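input-v5.txt follows; it contains compact mmCIF, C-alpha atoms.
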```txt
# COMPACT_ATOMS: atom_id res chain seq x y z
CA MET A 1 -80.77 49.02 -40.08
CA LEU A 2 -77.09 48.19 -39.54
CA ASN A 3 -75.74 51.75 -39.40
CA GLY A 4 -74.84 51.32 -35.75
CA PHE A 5 -72.23 48.74 -36.72
CA ILE A 6 -70.17 51.03 -38.93
CA GLY A 7 -66.62 51.14 -37.60
CA LYS A 8 -66.99 48.05 -35.43
CA LYS A 9 -64.14 45.56 -35.62
CA SER A 10 -63.63 41.93 -34.75
CA ASN A 11 -60.91 40.47 -32.57
CA ARG A 12 -57.61 39.56 -34.29
CA ILE A 13 -57.14 35.86 -35.03
CA LYS A 14 -53.93 34.01 -35.83
CA ASN A 15 -54.23 31.86 -38.96
CA THR A 16 -51.59 29.76 -40.69
CA VAL A 17 -51.22 29.25 -44.44
CA GLU A 18 -51.22 25.48 -44.05
CA ARG A 19 -49.58 23.44 -46.80
CA GLY A 20 -52.30 20.77 -46.82
CA LEU A 21 -55.06 23.37 -47.07
CA VAL A 22 -53.31 25.15 -49.93
CA LEU A 23 -53.04 21.85 -51.81
CA ARG A 24 -56.72 21.07 -51.27
CA PHE A 25 -57.75 24.60 -52.20
CA ALA A 26 -55.66 24.59 -55.40
CA GLU A 27 -57.29 21.28 -56.34
CA ALA A 28 -60.77 22.69 -55.66
CA ILE A 29 -60.22 25.59 -58.08
CA GLN A 30 -58.43 23.24 -60.50
CA ASP A 31 -55.26 25.27 -60.48
CA ASN A 32 -52.60 22.61 -60.10
CA HIS A 33 -49.55 24.79 -60.60
CA PRO A 34 -46.33 23.72 -58.80
CA ILE A 35 -45.83 27.27 -57.41
CA TYR A 36 -48.53 26.37 -54.85
CA THR A 37 -47.59 22.83 -53.97
CA ASN A 38 -44.15 21.68 -55.14
CA GLU A 39 -41.50 22.53 -52.53
CA LYS A 40 -38.57 22.36 -54.93
CA PHE A 41 -40.38 24.56 -57.47
CA GLY A 42 -41.19 27.05 -54.70
CA LYS A 43 -37.57 27.18 -53.49
CA GLU A 44 -36.33 27.92 -56.99
CA SER A 45 -39.03 30.54 -57.67
CA ARG A 46 -38.49 34.25 -57.17
CA TYR A 47 -40.30 34.02 -53.82
CA GLY A 48 -38.00 31.28 -52.51
CA LYS A 49 -41.04 29.35 -51.29
CA ASN A 50 -44.51 28.20 -52.25
CA ILE A 51 -47.29 30.78 -52.33
CA ALA A 52 -51.08 30.60 -51.83
CA PRO A 53 -53.70 31.35 -54.53
CA PRO A 54 -55.06 34.93 -54.35
CA THR A 55 -58.52 33.87 -53.15
CA PHE A 56 -57.11 31.54 -50.47
CA PRO A 57 -57.98 33.92 -47.54
CA ILE A 58 -61.55 32.60 -47.79
CA VAL A 59 -60.33 29.79 -45.50
CA PHE A 60 -59.13 32.18 -42.78
CA ASP A 61 -60.95 33.01 -39.58
CA PHE A 62 -61.42 36.81 -39.49
CA GLY A 63 -62.93 36.89 -36.02
CA THR A 64 -66.41 37.91 -35.00
CA ILE A 65 -67.80 41.45 -34.98
CA PRO A 66 -69.67 41.73 -31.66
CA ASP A 67 -73.47 41.46 -31.98
CA LEU A 68 -73.45 41.47 -35.79
CA LYS A 69 -75.81 38.62 -36.62
CA LEU A 70 -76.32 37.96 -40.32
CA PRO A 71 -78.50 35.18 -41.66
CA SER A 72 -76.55 32.27 -43.13
CA ILE A 73 -78.92 32.11 -46.11
CA GLY A 74 -80.33 34.78 -48.39
CA LEU A 75 -77.42 37.21 -48.54
CA ILE A 76 -76.04 38.08 -51.95
CA HIS A 77 -72.32 38.43 -52.43
CA GLY A 78 -72.14 41.39 -54.79
CA GLU A 79 -68.50 42.33 -55.07
CA GLN A 80 -65.11 41.17 -53.91
CA HIS A 81 -61.82 43.04 -54.00
CA TYR A 82 -58.43 41.70 -52.86
CA HIS A 83 -55.43 43.97 -52.51
CA TYR A 84 -52.02 42.39 -51.86
CA GLU A 85 -48.72 43.87 -50.74
CA ARG A 86 -47.14 40.55 -51.71
CA PRO A 87 -48.36 36.96 -52.17
CA LEU A 88 -48.99 34.88 -49.05
CA PHE A 89 -46.31 32.28 -48.33
CA VAL A 90 -47.08 28.69 -47.48
CA GLY A 91 -46.29 28.09 -43.81
CA GLU A 92 -46.52 31.70 -42.61
CA ASP A 93 -48.81 33.01 -39.89
CA VAL A 94 -51.34 35.69 -40.82
CA TYR A 95 -53.27 37.72 -38.24
CA CYS A 96 -56.77 38.48 -39.46
CA TYR A 97 -59.65 40.71 -38.42
CA SER A 98 -62.67 42.30 -40.04
CA GLU A 99 -64.49 45.61 -39.85
CA VAL A 100 -67.87 46.97 -40.88
CA LYS A 101 -66.77 49.76 -43.20
CA ASP A 102 -70.15 51.05 -44.31
CA TYR A 103 -73.84 50.30 -44.57
CA TYR A 104 -76.41 52.02 -46.75
CA GLU A 105 -79.81 51.28 -48.25
CA LYS A 106 -81.06 51.86 -51.78
CA GLU A 107 -84.42 51.42 -53.43
CA GLY A 108 -84.18 48.62 -56.01
CA LYS A 109 -86.67 46.81 -58.21
CA ASN A 110 -87.39 44.30 -55.43
CA GLY A 111 -87.76 46.85 -52.64
CA LEU A 112 -85.30 48.42 -50.26
CA MET A 113 -81.89 46.76 -50.49
CA GLY A 114 -79.17 46.98 -47.87
CA PHE A 115 -75.51 47.19 -48.85
CA LEU A 116 -73.04 46.07 -46.21
CA ILE A 117 -69.37 46.85 -46.85
CA ILE A 118 -67.04 44.58 -44.91
CA MET A 119 -63.27 45.08 -44.88
CA ARG A 120 -61.04 42.21 -43.91
CA TYR A 121 -57.37 42.54 -43.07
CA GLY A 122 -54.42 40.16 -42.97
CA GLU A 123 -51.25 41.23 -41.15
CA ASP A 124 -47.89 39.72 -40.26
CA ALA A 125 -46.72 39.34 -36.65
CA ASP A 126 -45.43 42.96 -36.67
CA GLN A 127 -48.84 44.28 -37.76
CA ASN A 128 -47.71 45.08 -41.30
CA ILE A 129 -50.63 44.70 -43.71
CA LEU A 130 -50.17 41.77 -46.11
CA PHE A 131 -53.54 42.00 -47.79
CA THR A 132 -56.95 43.62 -47.51
CA GLU A 133 -60.25 42.36 -48.74
CA LYS A 134 -63.40 44.35 -49.40
CA GLN A 135 -66.72 42.57 -49.66
CA VAL A 136 -70.01 44.07 -50.72
CA VAL A 137 -72.88 42.04 -49.30
CA ILE A 138 -76.39 42.78 -50.54
CA ILE A 139 -79.28 42.25 -48.14
CA THR A 140 -82.58 41.93 -50.00
CA GLU A 141 -85.89 43.30 -48.77
CA ALA A 142 -87.10 39.80 -47.81
CA VAL A 143 -84.01 39.09 -45.72
CA ARG A 144 -84.12 42.56 -44.15
CA ARG A 145 -87.66 41.87 -42.97
CA GLU A 146 -86.58 38.54 -41.48
CA MET A 147 -83.72 40.27 -39.65
CA LEU A 148 -85.99 42.93 -38.19
CA LYS A 149 -88.32 40.35 -36.63
CA MET B 1 -44.11 30.37 -73.39
CA LYS B 2 -44.47 34.09 -74.03
CA ARG B 3 -43.68 36.17 -70.96
CA LEU B 4 -46.46 38.36 -69.61
CA TRP B 5 -44.19 41.36 -70.00
CA GLU B 6 -44.15 40.78 -73.78
CA TYR B 7 -47.91 41.27 -74.11
CA GLU B 8 -49.21 44.64 -75.30
CA VAL B 9 -52.35 46.68 -74.69
CA ASN B 10 -55.48 45.17 -76.32
CA GLU B 11 -53.96 41.68 -76.44
CA SER B 12 -55.71 38.90 -74.54
CA LEU B 13 -54.38 36.01 -72.52
CA LYS B 14 -55.23 32.57 -73.84
CA GLU B 15 -58.80 31.97 -72.65
CA VAL B 16 -59.70 28.85 -70.70
CA THR B 17 -62.99 26.95 -70.94
CA LEU B 18 -63.83 24.88 -67.86
CA ASN B 19 -65.53 21.50 -67.83
CA PRO B 20 -69.29 21.74 -67.16
CA VAL B 21 -69.85 22.69 -63.50
CA SER B 22 -70.47 19.53 -61.49
CA ARG B 23 -71.89 19.00 -58.04
CA LEU B 24 -68.62 17.39 -57.03
CA ASP B 25 -66.75 20.60 -57.99
CA LEU B 26 -68.93 22.51 -55.54
CA ILE B 27 -68.70 19.89 -52.80
CA LYS B 28 -64.91 19.98 -53.11
CA TYR B 29 -64.92 23.78 -52.95
CA ALA B 30 -67.21 23.75 -49.93
CA GLY B 31 -64.76 21.44 -48.16
CA ALA B 32 -61.64 23.36 -49.20
CA SER B 33 -63.04 26.82 -48.44
CA GLY B 34 -65.17 26.00 -45.41
CA ASP B 35 -68.25 27.60 -47.04
CA PHE B 36 -70.91 24.98 -46.36
CA ASN B 37 -73.93 27.14 -47.25
CA PRO B 38 -76.22 24.35 -48.53
CA ILE B 39 -77.57 26.40 -51.48
CA HIS B 40 -74.31 25.41 -53.20
CA THR B 41 -74.65 21.67 -52.72
CA ILE B 42 -78.15 20.51 -51.77
CA ASP B 43 -81.06 20.92 -54.22
CA GLU B 44 -83.82 21.10 -51.59
CA GLU B 45 -82.05 23.92 -49.76
CA ALA B 46 -81.55 25.86 -52.99
CA LEU B 47 -85.24 25.45 -53.89
CA LYS B 48 -86.26 26.53 -50.41
CA SER B 49 -84.28 29.75 -50.95
CA GLY B 50 -86.20 30.45 -54.14
CA LEU B 51 -83.44 29.37 -56.52
CA PRO B 52 -84.10 27.08 -59.49
CA GLY B 53 -81.30 24.77 -58.33
CA VAL B 54 -77.94 24.79 -56.61
CA ILE B 55 -75.66 27.65 -57.61
CA ALA B 56 -71.88 27.74 -57.62
CA HIS B 57 -70.09 29.68 -54.89
CA GLY B 58 -69.20 33.06 -56.38
CA MET B 59 -65.77 32.61 -54.86
CA TRP B 60 -65.35 29.29 -56.69
CA THR B 61 -65.71 31.13 -60.00
CA MET B 62 -63.42 33.93 -58.82
CA GLY B 63 -60.88 31.34 -57.68
CA ASN B 64 -60.98 29.64 -61.06
CA LEU B 65 -60.56 32.90 -62.96
CA ALA B 66 -57.27 33.65 -61.20
CA LYS B 67 -55.60 30.70 -62.87
CA LEU B 68 -55.24 32.67 -66.10
CA PHE B 69 -52.44 34.49 -64.26
CA THR B 70 -50.81 31.59 -62.39
CA PRO B 71 -48.27 30.79 -65.17
CA TYR B 72 -46.81 34.29 -64.75
CA TYR B 73 -46.09 34.37 -61.00
CA ASN B 74 -42.38 34.33 -61.68
CA GLU B 75 -42.79 37.82 -63.13
CA GLY B 76 -44.99 39.24 -60.39
CA PHE B 77 -48.28 38.84 -58.56
CA LEU B 78 -51.88 40.06 -58.46
CA GLU B 79 -51.72 43.32 -56.54
CA ASP B 80 -55.44 44.01 -57.04
CA TYR B 81 -58.07 41.48 -57.93
CA GLN B 82 -61.53 43.01 -58.05
CA ILE B 83 -64.74 41.52 -59.36
CA ARG B 84 -68.48 42.06 -59.39
CA PHE B 85 -70.82 39.09 -59.57
CA SER B 86 -73.47 39.66 -62.23
CA ASN B 87 -75.21 36.32 -62.87
CA MET B 88 -75.61 33.02 -61.05
CA VAL B 89 -73.76 29.89 -62.14
CA PHE B 90 -75.71 26.61 -62.23
CA LEU B 91 -74.75 22.96 -62.56
CA GLU B 92 -73.73 21.97 -66.11
CA ASP B 93 -72.92 25.56 -67.04
CA ILE B 94 -69.87 25.89 -69.25
CA LEU B 95 -67.74 28.83 -68.26
CA THR B 96 -65.01 30.58 -70.21
CA LEU B 97 -62.37 32.68 -68.46
CA LYS B 98 -61.04 35.78 -70.23
CA ALA B 99 -58.54 38.56 -69.62
CA SER B 100 -57.44 41.39 -71.89
CA ILE B 101 -54.87 44.12 -71.32
CA LYS B 102 -56.14 47.67 -70.86
CA GLU B 103 -53.01 49.50 -69.70
CA LYS B 104 -49.34 48.76 -69.32
CA ASN B 105 -46.47 50.64 -67.72
CA GLU B 106 -43.02 49.86 -66.23
CA THR B 107 -44.38 48.44 -62.99
CA ASP B 108 -47.77 46.93 -63.73
CA MET B 109 -50.37 45.77 -66.18
CA LEU B 110 -54.10 46.39 -65.89
CA PHE B 111 -56.47 43.71 -67.17
CA GLN B 112 -60.17 43.63 -67.80
CA ILE B 113 -61.35 40.18 -66.75
CA TYR B 114 -64.59 38.33 -67.13
CA VAL B 115 -66.25 34.95 -67.09
CA ILE B 116 -68.99 34.13 -69.58
CA ASN B 117 -71.36 31.18 -69.64
CA GLN B 118 -72.56 29.08 -72.58
CA HIS B 119 -75.33 31.64 -73.30
CA GLY B 120 -72.75 34.41 -73.73
CA GLU B 121 -73.79 36.11 -70.47
CA ASN B 122 -71.24 37.60 -68.09
CA VAL B 123 -71.35 35.83 -64.74
CA LEU B 124 -68.68 38.03 -63.29
CA ARG B 125 -66.44 40.82 -64.46
CA GLY B 126 -63.78 43.02 -63.00
CA SER B 127 -60.14 43.93 -63.16
CA VAL B 128 -56.70 42.71 -62.21
CA LYS B 129 -53.64 44.83 -61.57
CA PHE B 130 -50.61 42.60 -62.10
CA ARG B 131 -47.53 43.96 -60.37
CA PHE B 132 -44.15 43.13 -61.88
CA VAL B 133 -41.44 42.46 -59.30
```
Written as structure tokens, that's how I'd like the structure from this file.
Amino acid sequence: MLNGFIGKKSNRIKNTVERGLVLRFAEAIQDNHPIYTNEKFGKESRYGKNIAPPTFPIVFDFGTIPDLKLPSIGLIHGEQHYHYERPLFVGEDVYCYSEVKDYYEKEGKNGLMGFLIIMRYGEDADQNILFTEKQVVIITEAVRREMLK
Amino acid sequence: MKRLWEYEVNESLKEVTLNPVSRLDLIKYAGASGDFNPIHTIDEEALKSGLPGVIAHGMWTMGNLAKLFTPYYNEGFLEDYQIRFSNMVFLEDILTLKASIKEKNETDMLFQIYVINQHGENVLRGSVKFRFV
């Protein structure tokens, strides 16, 4: 159903690892370590600055893949994989985009399930990759039918 | 505190048990992450989607699990953090975060990681590759 989207990419969006957002995010996952939020601790750390938690990129805007319309409800997040070249630094700009890497369907116990593989990328200003993110999104038979309407 | 580097294969990090999942936890995560899908916060919307009640954001649980490694960031960072969601997390669930060492070499350490609920079921599992720097 979504095979035509394989290889399609979004536009590239500039995001900033904002200090206030990192603080709020660290609080929300109850990880109140000073490496994220205390400036003095960050300066004296091996990174020389504060860093962001590994799942922080959830707050970033990864752009929009043209014409890919997914329902906001009913999708199942099956898998998540982050790969980092280094931690993200508080205050830095990260350029983000996403890509439909693959789509396939498999017969499951509740009918035909769709598996959508989305890759997301975060780069520095010189287009060096800082991190990648792979998401496996499962589209159930019921949601597939809705989407085909 | 023992350095991460001093751990050996088959040892486990000190596990962490979270407070029972509360609606406020999920409201805070919705605000911090920008994921306002109402199945995570509003009962009626969860029921409408065929769920027995609101469920935690999978990424909330994944975010929590990473804190097992936070004390060791002065030795390195999470190069790979990979998980598969296997069961839903409901309000009042009591989750325990676990990590054990599978492999170790000069540059990195490979962990098996998982989160179990109060019934002993895995809600997510996966692996972490910790890179020493």
Distance query Lys101 in chain A at most 7 Å, all atoms listed in the file, self and fewer than 4 positions along chain excluded, as a tab-separated table (two decimals) with C-alpha atoms, in the coordinates of the input:
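Below is the file that was written, part-v7.tsv:
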```tsv
chain	number	residue	atom	x	y	z
A	6	ILE	CA	-70.17	51.03	-38.93
A	7	GLY	CA	-66.62	51.14	-37.60
A	117	ILE	CA	-69.37	46.85	-46.85
A	118	ILE	CA	-67.04	44.58	-44.91
A	119	MET	CA	-63.27	45.08	-44.88
```
Select from chain B every residue with an atom at most 6 Å from any atom of chain A, then for each give the shortest pair of atoms and their distance in Å to one decimal, using only C-alpha atoms, rows by chain and rising number, as a Markdown table.
```
| residue | atom | partner | partner_atom | distance |
| --- | --- | --- | --- | --- |
| B:Lys28 | CA | A:Ala28 | CA | 5.6 |
| B:Tyr29 | CA | A:Ala28 | CA | 5.1 |
| B:Ala32 | CA | A:Phe25 | CA | 5.1 |
| B:Ser33 | CA | A:Val59 | CA | 5.0 |
| B:Gly63 | CA | A:Thr55 | CA | 5.7 |
| B:Asn64 | CA | A:Ile29 | CA | 5.1 |
| B:Lys67 | CA | A:Asp31 | CA | 5.9 |
| B:Asn74 | CA | A:Arg46 | CA | 6.0 |
| B:Glu79 | CA | A:Tyr84 | CA | 4.8 |
| B:Asp80 | CA | A:His83 | CA | 4.5 |
| B:Tyr81 | CA | A:Tyr82 | CA | 5.1 |
| B:Gln82 | CA | A:His81 | CA | 4.1 |
| B:Ile83 | CA | A:Gln80 | CA | 5.5 |
| B:Arg84 | CA | A:Glu79 | CA | 4.3 |
| B:Phe85 | CA | A:Gly78 | CA | 5.5 |
```
Store the residues picked out above in a file with C-alpha atoms, as a PDB file, keeping the file's coordinate frame.
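Resulting contents of result-v2.pdb:
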```
ATOM      1  CA  LYS B  28     -64.910  19.980 -53.110  1.00  0.00           C
ATOM      2  CA  TYR B  29     -64.920  23.780 -52.950  1.00  0.00           C
ATOM      3  CA  ALA B  32     -61.640  23.360 -49.200  1.00  0.00           C
ATOM      4  CA  SER B  33     -63.040  26.820 -48.440  1.00  0.00           C
ATOM      5  CA  GLY B  63     -60.880  31.340 -57.680  1.00  0.00           C
ATOM      6  CA  ASN B  64     -60.980  29.640 -61.060  1.00  0.00           C
ATOM      7  CA  LYS B  67     -55.600  30.700 -62.870  1.00  0.00           C
ATOM      8  CA  ASN B  74     -42.380  34.330 -61.680  1.00  0.00           C
ATOM      9  CA  GLU B  79     -51.720  43.320 -56.540  1.00  0.00           C
ATOM     10  CA  ASP B  80     -55.440  44.010 -57.040  1.00  0.00           C
ATOM     11  CA  TYR B  81     -58.070  41.480 -57.930  1.00  0.00           C
ATOM     12  CA  GLN B  82     -61.530  43.010 -58.050  1.00  0.00           C
ATOM     13  CA  ILE B  83     -64.740  41.520 -59.360  1.00  0.00           C
ATOM     14  CA  ARG B  84     -68.480  42.060 -59.390  1.00  0.00           C
ATOM     15  CA  PHE B  85     -70.820  39.090 -59.570  1.00  0.00           C
TER      16      PHE B  85
END
```
Do you have the CA of Phe132 in chain B-CA of Tyr73 in chain B distance handy?
->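 That distance, rounded to one decimal, is 9.0 Å.
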Write out as number ranges by chain each polymer residue whose atoms come within 9 Å of Asp43 in chain B, counting all atoms listed in the file; drop sequence neighbours fewer than 4 positions from it.
-> B: 38-39, 47-48, 52-54
For range 111-128 of chain B, please output as a PyMOL selection string all residues within 10 Å (counting only C-alpha atoms; exclusion window: fewer than 3 positions along the same chain).
-> (chain A and resi 78-83) or (chain B and resi 9-13+15-18+20+58+61-62+64-66+68-69+77-90+92-104+108+131)
Selection: 10 Å around Asp67 in chain A, all atoms listed in the file, excl. self and same-chain fewer than 3 positions, as a list in words =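 So the residues in contact are Phe5, Lys8, Thr64 and Leu70 of chain A.
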d(CA of Thr16 in chain A, CA of Gly31 in chain B) in Å |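 Atom-to-atom, CA of Thr16 in chain A to CA of Gly31 in chain B, that is 17.3 Å.
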Polymer residues at most 7 Å from (-67.3, 24.7, -56.1) by all atoms listed in the file, as a list in words =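 The residues near that point, listed by chain and number, are Ala28 of chain A; Asp25, Leu26, Ile27, Lys28, Tyr29, Ala30, Ala56, His57 and Trp60 of chain B.
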Between A:Val100, A:Val17, A:Val94, A:Ile139, single out the one closest to Gly4 in chain A, counting only C-alpha atoms.
-> A:Val100
Using all atoms listed in the file, pick whichever of B:Glu44, B:Asp35, B:Glu75, B:Trp5 has the shortest atom-to-atom distance to Met59 in chain B.
->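 That would be B:Asp35, the residue with the smallest distance to Met59 in chain B.
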Of the residues A:Tyr104, A:Phe115, A:Tyr121, A:Phe62, which is the one nearest to Asn15 in chain A, using all atoms listed in the file?
->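 Of all the options, A:Phe62 lies closest to Asn15 in chain A.
Between Ala125 in chain A and the residues A:Arg144, A:Arg19, A:Lys14, A:Lys43, the shortest atom-to-atom distance, using all atoms listed in the file, involves A:Lys14.
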Mind pulling up the distance from CA of Glu18 in chain A to CA of Thr37 in chain A?
-> 10.9 Å
Adding 6 Å on each side of the box along x, y and z that holds all listed atoms of range 21-29 of chain A, could you give its centre and edge lengths in Å to one decimal, as JSON?
```
{"center_x": -56.9, "center_y": 23.3, "center_z": -52.6, "size_x": 19.7, "size_y": 16.5, "size_z": 23.0}
```
Just the residues within 10 Å of Gly108 in chain A, please, counting all atoms listed in the file, with nothing from its chain fewer than 6 positions along; format it as JSON, numbers by chain.
-> {"A": [114, 140, 141]}
